[in-house]
2 protein chains.
Amino acid sequence: MKHGGDLTQAMAEFGGAADEWLDLSTGINPWPYPIRKLPDSAWQRLPARADEQALLAAARATYRVPEGAGIVAAGGTQALIQLLPRLAKDGAVAVVGPTYNEHSAAWGDAGHAIAAIGDLAELPAHATHAVIVNPNNPDGRIVDPHRLAEIAAVLQRRGGWLVVDEAFADVEAGISAIASCGRLPIVVLRSFGKFYGLAGVRLGFAISTPDIANSIRTLLGPWAVSGPALHVGTKALKDAPWAMQTRIQLAAQAIKLDGILQDAGFAVIGGTSLYRLVRHREALAVHRKLAQKRIWCRSFDWSNELLRFGLPEDAKALDRLAAALAP
Amino acid sequence: MKHGGDLTQAMAEFGGAADEWLDLSTGINPWPYPIRKLPDSAWQRLPARADEQALLAAARATYRVPEGAGIVAAGGTQALIQLLPRLAKDGAVAVVGPTYNEHSAAWGDAGHAIAAIGDLAELPAHATHAVIVNPNNPDGRIVDPHRLAEIAAVLQRRGGWLVVDEAFADVEAGISAIASCGRLPIVVLRSFGKFYGLAGVRLGFAISTPDIANSIRTLLGPWAVSGPALHVGTKALKDAPWAMQTRIQLAAQAIKLDGILQDAGFAVIGGTSLYRLVRHREALAVHRKLAQKRIWCRSFDWSNELLRFGLPEDAKALDRLAAALAP
């Protein structure tokens with residue numbers, strides 16, 4: 001299973017229609033930001049520069065991007081993950097893992113040697129660049145922004161970049177490396193779809209020095225973000241009360257989910273309030289048992305004992321999970 | 001004016017709010033494919049492989065892609081224009097022009113030398129690749145597919161590619177180079193937004209050999225197309241009666257537009273039924289006069305005599321244009 005969030009594989013292997021499945025394989029907020037009817041122009045017209053500027057202004061405010069830093073929007077963070085290794089100077093990249101596997105895949109495809117490390121303290125002397133997901137997916141491990149700035153300063157002397165994927169940072173106040181983006185070669189990636197529950201919209205941001213941001217913008221070309229994404233993204237990013245309420249709701253639901261998982265014999269060993277990482281000696285058997293009951297969670301090809309669960313959306317879904325886990 | 005379809009510049013220079021303007025600066029169908037309410041999953045879930053397969057199957061049928069050819073979808077043709085020069089082997093590219101300026105820009109950014117030519121007959125011996133827009137934007141010039149296959153065979157011996165941008169080919173039956181895509185190194189680009197009137201959706205396709213298509217897919221990475229684009233695109237591409245009716249409606253409106261432009265002293269010298277290219281000795285003065293009346297058409301930095309007009313959407317808009325052009 002390469003990624004969560006795609007029932008194609010689940011249905012091929014275990015049957016059932018998409019709407020029979022309870023999909024807990026993602027880290028996507030199950031209570032999406034509400035989509036109202038969009039203006040016709042969002043669908044029909046080429047996205048205008050003025051609309052992109054409005055989106056970037058909203059993102060700057062919400063993500064607290066310092067004045068001296070640049071920001072650029074793309075049709076999903078994945079598009080940025082794909083192109084960063086092609087813009088970065090030649091040289092090896094250290095990837096702190098285990099983590100989201102698309103980073104290593106993209107740097108490797110672009111011809112960079114990969115050094116898989118378990119901690120930034122192991123940063124090899126030959127690494128020009130480093131990538132860290134913060135908080136990490138799947139274990140939720142957090143590295144504080146001062147430590148990240150120190151590493152970025154080391155990489156700066158090598159002509160390299162520190163990529164910080166903050167895909168799940170919306171639910172962790174105060175951990176962002178964005179404050180250092182104007183003065184150090186840090187590229188922070190922010191994902192819109194996960195916290196706002198709108199992964200289909202395809203919207204993500206890179207925040208970095210103005211030079212790096214401009215080189216990303218040039219490679220993306222014009223109209224990289226769709227009209228619907230510009231419209232919905234601008235509205236959602238400006239809605240601070242919704243974000244605060246959602247953080248609280250996610251944290252509460254994560255606590256309820258933990259209770260069910262612990263009752264079923266799992267040790268909850270990490271995660272964020274968008275997903276929980278659990279250990280169980282028979283994890284793969286549990287994964288299979290749940291799949292036979294049309295519940296899809298995330299397994300990992302590098303562990304037989306770990307599973308990741310996204311948040312069930314309501315009491316009914318929590319109960320269904322609890323019942324399926326019962327011996 | 002670098003592109004049509006963005007009123008940001010028009011409003012900055014001439015004032016007025018967006019809804020006061022009659023925007024004729026694009027080649028986008030003014031009668032968009034109707035958008036019904038989308039399923040929530042299109043917004044909320046990561047686009048599934050099964051949904052992408054359904055879109056590609058619909059595109060294969062509509063564009064008549066031969067079995068031996070590959071097809072890949074992107075978040076707009078522009079994303080494909082950006083990445084092709086990075087996948088193509090080193091070497092100069094001949095661009096048949098004057099034409100849509102993003103091709104030369106992208107090949108130049110990627111480090112290829114550009115040879116600007118006026119006709120494929122002038123293909124220089126040192127060119128490894130060639131790019132042609134067919135029908136051409138803005139003059140509508142068409143090169144027949146047999147001629148394109150001949151050129152592709154020449155470039156194949158050089159290890160190069162022929163890129164055929166068919167952004168406006170939906171309204172010209174029988175001109176597509178797609179039939180040769182399986183056996184020659186031709187990359188055909190098809191744009192969804194123009195003919196279907198949904199430029200904000202961001203959806204485009206590359207059709208080529210399976211190898212080239214796979215290398216494009218790898219560089220794009222997963223989830224390059226948004227959920228709304230997958231949903232709307234699949235539905236629209238399958239709707240052959242709508243497409244036929246729309247071709248007729250566009251052709252009829254283009255004839256009416258030609259009448260108005262000729263009455264105003266323009267010579268109609270080319271175009272497609274999505275836009276008309278006209279010549280007038282005082283073209284820039286006319287452009288300014290129209291802009292002062294909040295009508296925005298397309299001018300070109302390489303000509304003082306040419307303007308391009310997209311289709312007014314109804315009789316009222318046609319009348320408004322006619323009145324504004326009156327002496």
# chains A, B, ... in the order shown; residues from 1 in each chain; ligands from 1
>>> interface_residues(of="chain B", to="chain A", cutoff="8 Å", atoms="only C-alpha atoms", output="PyMOL selection string")
chain B and resi 5-8+32+41-50+75-76+78-79+82+193+197-202+219-228
>>> atom_distance(atom1="atom CA of B:Val154", atom2="atom CA of B:Ala206")
21.0 Å
>>> residues_around(residues="B:Ala59", least_positions_apart="6", cutoff="12 Å", atoms="only C-alpha atoms", output="ChimeraX atom specification")
/B:52-53,65-66,70-73,178,189-192,203-207,230,233-240
>>> write_last_selection(atoms="N, CA and C atoms", output="PDB file, in the first residue's frame")
ATOM      1  N   GLU B  52      -9.168   8.533 -12.065  1.00  0.00           N
ATOM      2  CA  GLU B  52      -8.263   8.991 -13.118  1.00  0.00           C
ATOM      3  C   GLU B  52      -8.370   8.070 -14.340  1.00  0.00           C
ATOM      4  N   GLN B  53      -8.487   6.777 -14.082  1.00  0.00           N
ATOM      5  CA  GLN B  53      -8.636   5.833 -15.200  1.00  0.00           C
ATOM      6  C   GLN B  53      -9.909   6.113 -15.992  1.00  0.00           C
ATOM      7  N   VAL B  65      -7.656   8.243 -29.411  1.00  0.00           N
ATOM      8  CA  VAL B  65      -6.263   7.866 -29.157  1.00  0.00           C
ATOM      9  C   VAL B  65      -6.081   6.405 -29.546  1.00  0.00           C
ATOM     10  N   PRO B  66      -5.111   6.088 -30.415  1.00  0.00           N
ATOM     11  CA  PRO B  66      -4.930   4.686 -30.811  1.00  0.00           C
ATOM     12  C   PRO B  66      -4.448   3.838 -29.637  1.00  0.00           C
ATOM     13  N   GLY B  70       0.088   6.292 -25.489  1.00  0.00           N
ATOM     14  CA  GLY B  70      -0.156   6.561 -24.077  1.00  0.00           C
ATOM     15  C   GLY B  70      -0.831   7.907 -23.898  1.00  0.00           C
ATOM     16  N   ILE B  71      -1.513   8.075 -22.768  1.00  0.00           N
ATOM     17  CA  ILE B  71      -2.159   9.363 -22.475  1.00  0.00           C
ATOM     18  C   ILE B  71      -1.997   9.654 -20.991  1.00  0.00           C
ATOM     19  N   VAL B  72      -1.773  10.920 -20.675  1.00  0.00           N
ATOM     20  CA  VAL B  72      -1.610  11.315 -19.286  1.00  0.00           C
ATOM     21  C   VAL B  72      -2.337  12.643 -19.082  1.00  0.00           C
ATOM     22  N   ALA B  73      -2.954  12.791 -17.910  1.00  0.00           N
ATOM     23  CA  ALA B  73      -3.713  14.003 -17.597  1.00  0.00           C
ATOM     24  C   ALA B  73      -2.930  14.874 -16.626  1.00  0.00           C
ATOM     25  N   ILE B 178      -3.028  12.850 -33.485  1.00  0.00           N
ATOM     26  CA  ILE B 178      -3.071  11.800 -32.460  1.00  0.00           C
ATOM     27  C   ILE B 178      -2.949  10.400 -33.062  1.00  0.00           C
ATOM     28  N   LEU B 189      -0.743  17.871 -27.294  1.00  0.00           N
ATOM     29  CA  LEU B 189      -1.348  18.469 -26.099  1.00  0.00           C
ATOM     30  C   LEU B 189      -2.797  18.835 -26.403  1.00  0.00           C
ATOM     31  N   ARG B 190      -3.694  18.397 -25.545  1.00  0.00           N
ATOM     32  CA  ARG B 190      -5.104  18.765 -25.684  1.00  0.00           C
ATOM     33  C   ARG B 190      -5.537  19.519 -24.432  1.00  0.00           C
ATOM     34  N   SER B 191      -6.252  20.610 -24.665  1.00  0.00           N
ATOM     35  CA  SER B 191      -6.722  21.453 -23.575  1.00  0.00           C
ATOM     36  C   SER B 191      -8.197  21.188 -23.340  1.00  0.00           C
ATOM     37  N   PHE B 192      -8.593  20.975 -22.094  1.00  0.00           N
ATOM     38  CA  PHE B 192     -10.006  20.784 -21.785  1.00  0.00           C
ATOM     39  C   PHE B 192     -10.745  22.125 -21.688  1.00  0.00           C
ATOM     40  N   LEU B 203      -7.335  21.480 -16.625  1.00  0.00           N
ATOM     41  CA  LEU B 203      -7.258  20.089 -17.067  1.00  0.00           C
ATOM     42  C   LEU B 203      -6.711  20.046 -18.482  1.00  0.00           C
ATOM     43  N   GLY B 204      -5.703  19.238 -18.688  1.00  0.00           N
ATOM     44  CA  GLY B 204      -5.133  19.068 -20.023  1.00  0.00           C
ATOM     45  C   GLY B 204      -4.538  17.679 -20.152  1.00  0.00           C
ATOM     46  N   PHE B 205      -4.256  17.298 -21.384  1.00  0.00           N
ATOM     47  CA  PHE B 205      -3.766  15.944 -21.654  1.00  0.00           C
ATOM     48  C   PHE B 205      -2.546  15.986 -22.558  1.00  0.00           C
ATOM     49  N   ALA B 206      -1.658  15.012 -22.359  1.00  0.00           N
ATOM     50  CA  ALA B 206      -0.594  14.745 -23.326  1.00  0.00           C
ATOM     51  C   ALA B 206      -0.818  13.346 -23.869  1.00  0.00           C
ATOM     52  N   ILE B 207      -0.736  13.223 -25.189  1.00  0.00           N
ATOM     53  CA  ILE B 207      -0.871  11.928 -25.852  1.00  0.00           C
ATOM     54  C   ILE B 207       0.409  11.699 -26.635  1.00  0.00           C
ATOM     55  N   LEU B 230     -11.510  15.938 -12.378  1.00  0.00           N
ATOM     56  CA  LEU B 230     -11.759  14.547 -12.765  1.00  0.00           C
ATOM     57  C   LEU B 230     -13.249  14.324 -13.010  1.00  0.00           C
ATOM     58  N   GLY B 233     -14.550  16.705 -15.963  1.00  0.00           N
ATOM     59  CA  GLY B 233     -13.894  16.330 -17.214  1.00  0.00           C
ATOM     60  C   GLY B 233     -14.433  15.022 -17.773  1.00  0.00           C
ATOM     61  N   THR B 234     -14.595  14.025 -16.917  1.00  0.00           N
ATOM     62  CA  THR B 234     -15.087  12.733 -17.383  1.00  0.00           C
ATOM     63  C   THR B 234     -16.482  12.874 -17.977  1.00  0.00           C
ATOM     64  N   LYS B 235     -17.326  13.603 -17.257  1.00  0.00           N
ATOM     65  CA  LYS B 235     -18.710  13.783 -17.712  1.00  0.00           C
ATOM     66  C   LYS B 235     -18.755  14.528 -19.051  1.00  0.00           C
ATOM     67  N   ALA B 236     -18.014  15.615 -19.142  1.00  0.00           N
ATOM     68  CA  ALA B 236     -18.064  16.448 -20.344  1.00  0.00           C
ATOM     69  C   ALA B 236     -17.487  15.715 -21.556  1.00  0.00           C
ATOM     70  N   LEU B 237     -16.367  15.035 -21.352  1.00  0.00           N
ATOM     71  CA  LEU B 237     -15.714  14.380 -22.495  1.00  0.00           C
ATOM     72  C   LEU B 237     -16.587  13.264 -23.079  1.00  0.00           C
ATOM     73  N   LYS B 238     -17.461  12.686 -22.249  1.00  0.00           N
ATOM     74  CA  LYS B 238     -18.330  11.615 -22.740  1.00  0.00           C
ATOM     75  C   LYS B 238     -19.562  12.144 -23.470  1.00  0.00           C
ATOM     76  N   ASP B 239     -19.771  13.449 -23.401  1.00  0.00           N
ATOM     77  CA  ASP B 239     -21.027  14.006 -23.903  1.00  0.00           C
ATOM     78  C   ASP B 239     -20.861  14.440 -25.363  1.00  0.00           C
ATOM     79  N   ALA B 240     -20.928  13.477 -26.269  1.00  0.00           N
ATOM     80  CA  ALA B 240     -20.725  13.770 -27.698  1.00  0.00           C
ATOM     81  C   ALA B 240     -21.805  14.683 -28.274  1.00  0.00           C
TER      82      ALA B 240
END
>>> closest_residue(among="A:Ala113, A:Ala324, A:Val131, A:Ala54", to="A:Arg294", atoms="only C-alpha atoms")
A:Ala324
>>> atom_distance(atom1="atom CA of B:Ala130", atom2="atom CA of B:Ala94")
4.5 Å
>>> select_by_dssp(residues="stretch 54-288 of chain A", states="strand (DSSP E or B)", output="PyMOL selection string")
chain A and resi 70-74+92-96+114-117+127-133+162-165+186-191+204-208+267-272+275-279
>>> residues_around(residues="A:Val268", least_positions_apart="5", cutoff="9 Å", atoms="only C-alpha atoms", output="PyMOL selection string")
chain A and resi 258+261-262+276-279
>>> write_last_selection(atoms="N, CA and C atoms", output="short mmCIF file (atom, residue, chain, number, x, y, z; two decimals), in the first residue's frame")
data_model
loop_
_atom_site.label_atom_id
_atom_site.label_comp_id
_atom_site.auth_asym_id
_atom_site.auth_seq_id
_atom_site.Cartn_x
_atom_site.Cartn_y
_atom_site.Cartn_z
N ASP A 258 -8.24 7.19 20.33
CA ASP A 258 -7.22 6.54 21.15
C ASP A 258 -7.84 5.55 22.13
N LEU A 261 -8.78 2.38 20.34
CA LEU A 261 -7.60 1.63 19.91
C LEU A 261 -6.91 0.97 21.11
N GLN A 262 -6.85 1.68 22.22
CA GLN A 262 -6.25 1.10 23.42
C GLN A 262 -7.08 -0.05 23.95
N ARG A 276 -3.44 8.72 14.05
CA ARG A 276 -2.81 8.10 15.22
C ARG A 276 -2.00 6.91 14.76
N LEU A 277 -0.80 6.78 15.28
CA LEU A 277 0.06 5.65 14.96
C LEU A 277 0.01 4.67 16.13
N VAL A 278 -0.27 3.41 15.83
CA VAL A 278 -0.43 2.42 16.89
C VAL A 278 0.41 1.18 16.60
N ARG A 279 0.76 0.50 17.69
CA ARG A 279 1.55 -0.73 17.56
C ARG A 279 0.74 -1.91 18.08
#
>>> atom_distance(atom1="atom CA of B:Pro138", atom2="atom CA of B:Ile186")
22.1 Å
>>> residues_around(residues="B:Ser299", least_positions_apart="6", cutoff="10 Å", atoms="only C-alpha atoms", output="list in words")
Met1, Lys2, His3, Gly4, Ser25, Leu277, Ala283, Leu284, His287, Glu305, Leu306, Leu307, Arg308 and Phe309 of chain B
>>> write_last_selection(atoms="C-alpha atoms", output="short mmCIF file (atom, residue, chain, number, x, y, z; two decimals), in the first residue's frame")
data_model
loop_
_atom_site.label_atom_id
_atom_site.label_comp_id
_atom_site.auth_asym_id
_atom_site.auth_seq_id
_atom_site.Cartn_x
_atom_site.Cartn_y
_atom_site.Cartn_z
CA MET B 1 -0.25 42.09 -22.76
CA LYS B 2 1.22 38.66 -22.25
CA HIS B 3 -1.96 36.57 -22.19
CA GLY B 4 -5.64 36.96 -22.80
CA SER B 25 -9.40 38.59 -24.98
CA LEU B 277 -7.72 37.33 -36.01
CA ALA B 283 -5.47 48.34 -34.50
CA LEU B 284 -3.87 49.72 -31.34
CA HIS B 287 -7.86 48.39 -28.88
CA GLU B 305 -2.02 45.91 -36.97
CA LEU B 306 -3.47 42.71 -35.53
CA LEU B 307 -6.12 42.09 -32.89
CA ARG B 308 -7.74 38.86 -31.78
CA PHE B 309 -11.37 38.66 -30.70
#
>>> residues_around(residues="A:Ile117", least_positions_apart="6", cutoff="12 Å", atoms="only C-alpha atoms", output="list in words")
Val93, Ala94, Val95, Val96, Gly97, Pro98, Thr99, Ser104, Leu123, Pro124, Ala127, Ala130, Val131 and Ile132 of chain A
>>> write_last_selection(atoms="N, CA, C and O atoms", output="CSV table (one decimal), in the first residue's frame")
chain,number,residue,atom,x,y,z
A,93,VAL,N,20.9,14.2,-0.6
A,93,VAL,CA,19.9,14.7,0.3
A,93,VAL,C,19.7,13.7,1.4
A,93,VAL,O,19.7,12.5,1.2
A,94,ALA,N,19.7,14.2,2.6
A,94,ALA,CA,19.4,13.4,3.8
A,94,ALA,C,17.9,13.5,4.1
A,94,ALA,O,17.4,14.6,4.2
A,95,VAL,N,17.2,12.4,4.2
A,95,VAL,CA,15.8,12.4,4.5
A,95,VAL,C,15.6,11.7,5.8
A,95,VAL,O,16.0,10.6,6.0
A,96,VAL,N,15.0,12.5,6.7
A,96,VAL,CA,14.7,11.9,8.1
A,96,VAL,C,13.5,11.0,8.0
A,96,VAL,O,12.4,11.5,7.6
A,97,GLY,N,13.7,9.8,8.4
A,97,GLY,CA,12.6,8.8,8.2
A,97,GLY,C,12.5,7.8,9.4
A,97,GLY,O,13.3,7.9,10.3
A,98,PRO,N,11.6,6.8,9.3
A,98,PRO,CA,10.7,6.6,8.2
A,98,PRO,C,9.7,7.8,8.1
A,98,PRO,O,9.3,8.3,9.1
A,99,THR,N,9.3,8.1,6.9
A,99,THR,CA,8.4,9.2,6.7
A,99,THR,C,7.6,9.0,5.4
A,99,THR,O,7.8,8.0,4.7
A,104,SER,N,11.7,11.0,-0.9
A,104,SER,CA,12.8,10.2,-1.4
A,104,SER,C,12.6,9.9,-2.9
A,104,SER,O,13.5,9.9,-3.7
A,123,LEU,N,22.9,13.9,10.5
A,123,LEU,CA,23.1,14.5,9.2
A,123,LEU,C,24.5,14.3,8.7
A,123,LEU,O,25.5,14.7,9.3
A,124,PRO,N,24.7,13.6,7.6
A,124,PRO,CA,26.0,13.2,7.1
A,124,PRO,C,26.7,14.5,6.5
A,124,PRO,O,26.1,15.4,6.0
A,127,ALA,N,26.0,15.4,2.9
A,127,ALA,CA,24.6,15.8,2.4
A,127,ALA,C,24.6,17.3,2.2
A,127,ALA,O,24.9,18.1,3.0
A,130,ALA,N,18.6,18.5,3.1
A,130,ALA,CA,17.9,17.7,4.0
A,130,ALA,C,16.4,17.9,3.9
A,130,ALA,O,16.0,19.0,3.5
A,131,VAL,N,15.7,16.8,4.1
A,131,VAL,CA,14.2,16.9,4.1
A,131,VAL,C,13.7,16.3,5.4
A,131,VAL,O,14.1,15.2,5.9
A,132,ILE,N,12.8,17.0,6.0
A,132,ILE,CA,12.1,16.5,7.3
A,132,ILE,C,10.6,16.9,7.2
A,132,ILE,O,10.2,17.9,6.7
>>> select_by_dssp(residues="stretch 79-310 of chain A", states="alpha helix (DSSP H)", output="VMD selection string")
chain A and resid 79 to 87 102 to 109 145 to 157 210 to 220 227 to 237 240 to 263 283 to 292
>>> write_last_selection(atoms="C-alpha atoms", output="PDB file, in the first residue's frame")
ATOM      1  CA  ALA A  79       3.527  19.217  -7.319  1.00  0.00           C
ATOM      2  CA  LEU A  80       6.062  21.068  -5.150  1.00  0.00           C
ATOM      3  CA  ILE A  81       7.603  17.839  -3.858  1.00  0.00           C
ATOM      4  CA  GLN A  82       8.067  16.823  -7.503  1.00  0.00           C
ATOM      5  CA  LEU A  83       9.865  19.968  -8.620  1.00  0.00           C
ATOM      6  CA  LEU A  84      12.041  20.941  -5.634  1.00  0.00           C
ATOM      7  CA  PRO A  85      14.708  18.285  -6.364  1.00  0.00           C
ATOM      8  CA  ARG A  86      14.971  19.622  -9.934  1.00  0.00           C
ATOM      9  CA  LEU A  87      15.591  23.167  -8.717  1.00  0.00           C
ATOM     10  CA  GLU A 102       7.237  10.768  -1.911  1.00  0.00           C
ATOM     11  CA  HIS A 103      10.181  12.922  -0.856  1.00  0.00           C
ATOM     12  CA  SER A 104      12.827  10.245  -1.388  1.00  0.00           C
ATOM     13  CA  ALA A 105      11.091   9.115  -4.568  1.00  0.00           C
ATOM     14  CA  ALA A 106      11.191  12.598  -6.094  1.00  0.00           C
ATOM     15  CA  TRP A 107      14.802  13.390  -5.076  1.00  0.00           C
ATOM     16  CA  GLY A 108      15.904   9.994  -6.345  1.00  0.00           C
ATOM     17  CA  ASP A 109      14.083  10.449  -9.676  1.00  0.00           C
ATOM     18  CA  PRO A 145      12.040  25.430  14.885  1.00  0.00           C
ATOM     19  CA  HIS A 146      15.280  26.593  16.507  1.00  0.00           C
ATOM     20  CA  ARG A 147      16.885  23.244  15.833  1.00  0.00           C
ATOM     21  CA  LEU A 148      15.659  23.417  12.229  1.00  0.00           C
ATOM     22  CA  ALA A 149      17.194  26.868  11.831  1.00  0.00           C
ATOM     23  CA  GLU A 150      20.546  25.525  13.085  1.00  0.00           C
ATOM     24  CA  ILE A 151      20.461  22.717  10.520  1.00  0.00           C
ATOM     25  CA  ALA A 152      19.460  25.154   7.781  1.00  0.00           C
ATOM     26  CA  ALA A 153      22.480  27.304   8.651  1.00  0.00           C
ATOM     27  CA  VAL A 154      24.746  24.253   8.281  1.00  0.00           C
ATOM     28  CA  LEU A 155      23.209  23.415   4.908  1.00  0.00           C
ATOM     29  CA  GLN A 156      23.432  27.046   3.801  1.00  0.00           C
ATOM     30  CA  ARG A 157      27.237  26.820   4.104  1.00  0.00           C
ATOM     31  CA  PRO A 210      12.232  35.260  -2.335  1.00  0.00           C
ATOM     32  CA  ASP A 211      14.814  33.782  -4.753  1.00  0.00           C
ATOM     33  CA  ILE A 212      13.788  30.178  -4.180  1.00  0.00           C
ATOM     34  CA  ALA A 213      10.095  31.098  -4.283  1.00  0.00           C
ATOM     35  CA  ASN A 214      10.624  32.861  -7.623  1.00  0.00           C
ATOM     36  CA  SER A 215      12.426  29.887  -9.127  1.00  0.00           C
ATOM     37  CA  ILE A 216       9.531  27.633  -8.067  1.00  0.00           C
ATOM     38  CA  ARG A 217       7.026  30.075  -9.555  1.00  0.00           C
ATOM     39  CA  THR A 218       8.906  30.113 -12.867  1.00  0.00           C
ATOM     40  CA  LEU A 219       8.995  26.333 -13.070  1.00  0.00           C
ATOM     41  CA  LEU A 220       5.289  26.001 -12.214  1.00  0.00           C
ATOM     42  CA  GLY A 227     -10.256  28.685 -10.038  1.00  0.00           C
ATOM     43  CA  PRO A 228     -12.203  26.582  -7.495  1.00  0.00           C
ATOM     44  CA  ALA A 229      -9.036  26.137  -5.398  1.00  0.00           C
ATOM     45  CA  LEU A 230      -8.315  29.886  -5.460  1.00  0.00           C
ATOM     46  CA  HIS A 231     -11.862  30.662  -4.403  1.00  0.00           C
ATOM     47  CA  VAL A 232     -12.284  28.039  -1.687  1.00  0.00           C
ATOM     48  CA  GLY A 233      -8.711  28.389  -0.447  1.00  0.00           C
ATOM     49  CA  THR A 234      -8.892  32.150   0.039  1.00  0.00           C
ATOM     50  CA  LYS A 235     -12.174  31.905   1.917  1.00  0.00           C
ATOM     51  CA  ALA A 236     -11.075  29.041   4.162  1.00  0.00           C
ATOM     52  CA  LEU A 237      -7.646  30.436   5.014  1.00  0.00           C
ATOM     53  CA  ALA A 240      -9.713  31.868  11.803  1.00  0.00           C
ATOM     54  CA  PRO A 241     -12.735  30.941  13.992  1.00  0.00           C
ATOM     55  CA  TRP A 242     -13.364  27.821  11.885  1.00  0.00           C
ATOM     56  CA  ALA A 243      -9.715  26.826  12.201  1.00  0.00           C
ATOM     57  CA  MET A 244      -9.726  27.236  15.978  1.00  0.00           C
ATOM     58  CA  GLN A 245     -12.957  25.287  16.403  1.00  0.00           C
ATOM     59  CA  THR A 246     -11.652  22.562  14.097  1.00  0.00           C
ATOM     60  CA  ARG A 247      -8.404  22.160  16.051  1.00  0.00           C
ATOM     61  CA  ILE A 248     -10.435  21.574  19.207  1.00  0.00           C
ATOM     62  CA  GLN A 249     -12.829  19.157  17.493  1.00  0.00           C
ATOM     63  CA  LEU A 250      -9.968  17.145  15.972  1.00  0.00           C
ATOM     64  CA  ALA A 251      -8.168  16.909  19.310  1.00  0.00           C
ATOM     65  CA  ALA A 252     -11.344  15.671  21.026  1.00  0.00           C
ATOM     66  CA  GLN A 253     -12.008  13.054  18.359  1.00  0.00           C
ATOM     67  CA  ALA A 254      -8.387  11.861  18.454  1.00  0.00           C
ATOM     68  CA  ILE A 255      -8.790  11.247  22.191  1.00  0.00           C
ATOM     69  CA  LYS A 256     -11.924   9.178  21.575  1.00  0.00           C
ATOM     70  CA  LEU A 257     -10.163   7.221  18.838  1.00  0.00           C
ATOM     71  CA  ASP A 258      -7.216   6.539  21.145  1.00  0.00           C
ATOM     72  CA  GLY A 259      -9.609   5.086  23.699  1.00  0.00           C
ATOM     73  CA  ILE A 260     -11.028   2.620  21.192  1.00  0.00           C
ATOM     74  CA  LEU A 261      -7.601   1.625  19.912  1.00  0.00           C
ATOM     75  CA  GLN A 262      -6.248   1.104  23.422  1.00  0.00           C
ATOM     76  CA  ASP A 263      -9.286  -0.976  24.360  1.00  0.00           C
ATOM     77  CA  ALA A 283      -1.032  -5.498  13.168  1.00  0.00           C
ATOM     78  CA  LEU A 284      -1.257  -7.035   9.697  1.00  0.00           C
ATOM     79  CA  ALA A 285      -3.855  -9.553  10.829  1.00  0.00           C
ATOM     80  CA  VAL A 286      -5.874  -6.718  12.343  1.00  0.00           C
ATOM     81  CA  HIS A 287      -5.516  -4.747   9.111  1.00  0.00           C
ATOM     82  CA  ARG A 288      -6.926  -7.718   7.202  1.00  0.00           C
ATOM     83  CA  LYS A 289      -9.707  -8.356   9.682  1.00  0.00           C
ATOM     84  CA  LEU A 290     -10.792  -4.720   9.458  1.00  0.00           C
ATOM     85  CA  ALA A 291     -10.602  -4.785   5.653  1.00  0.00           C
ATOM     86  CA  GLN A 292     -12.897  -7.790   5.573  1.00  0.00           C
TER      87      GLN A 292
END
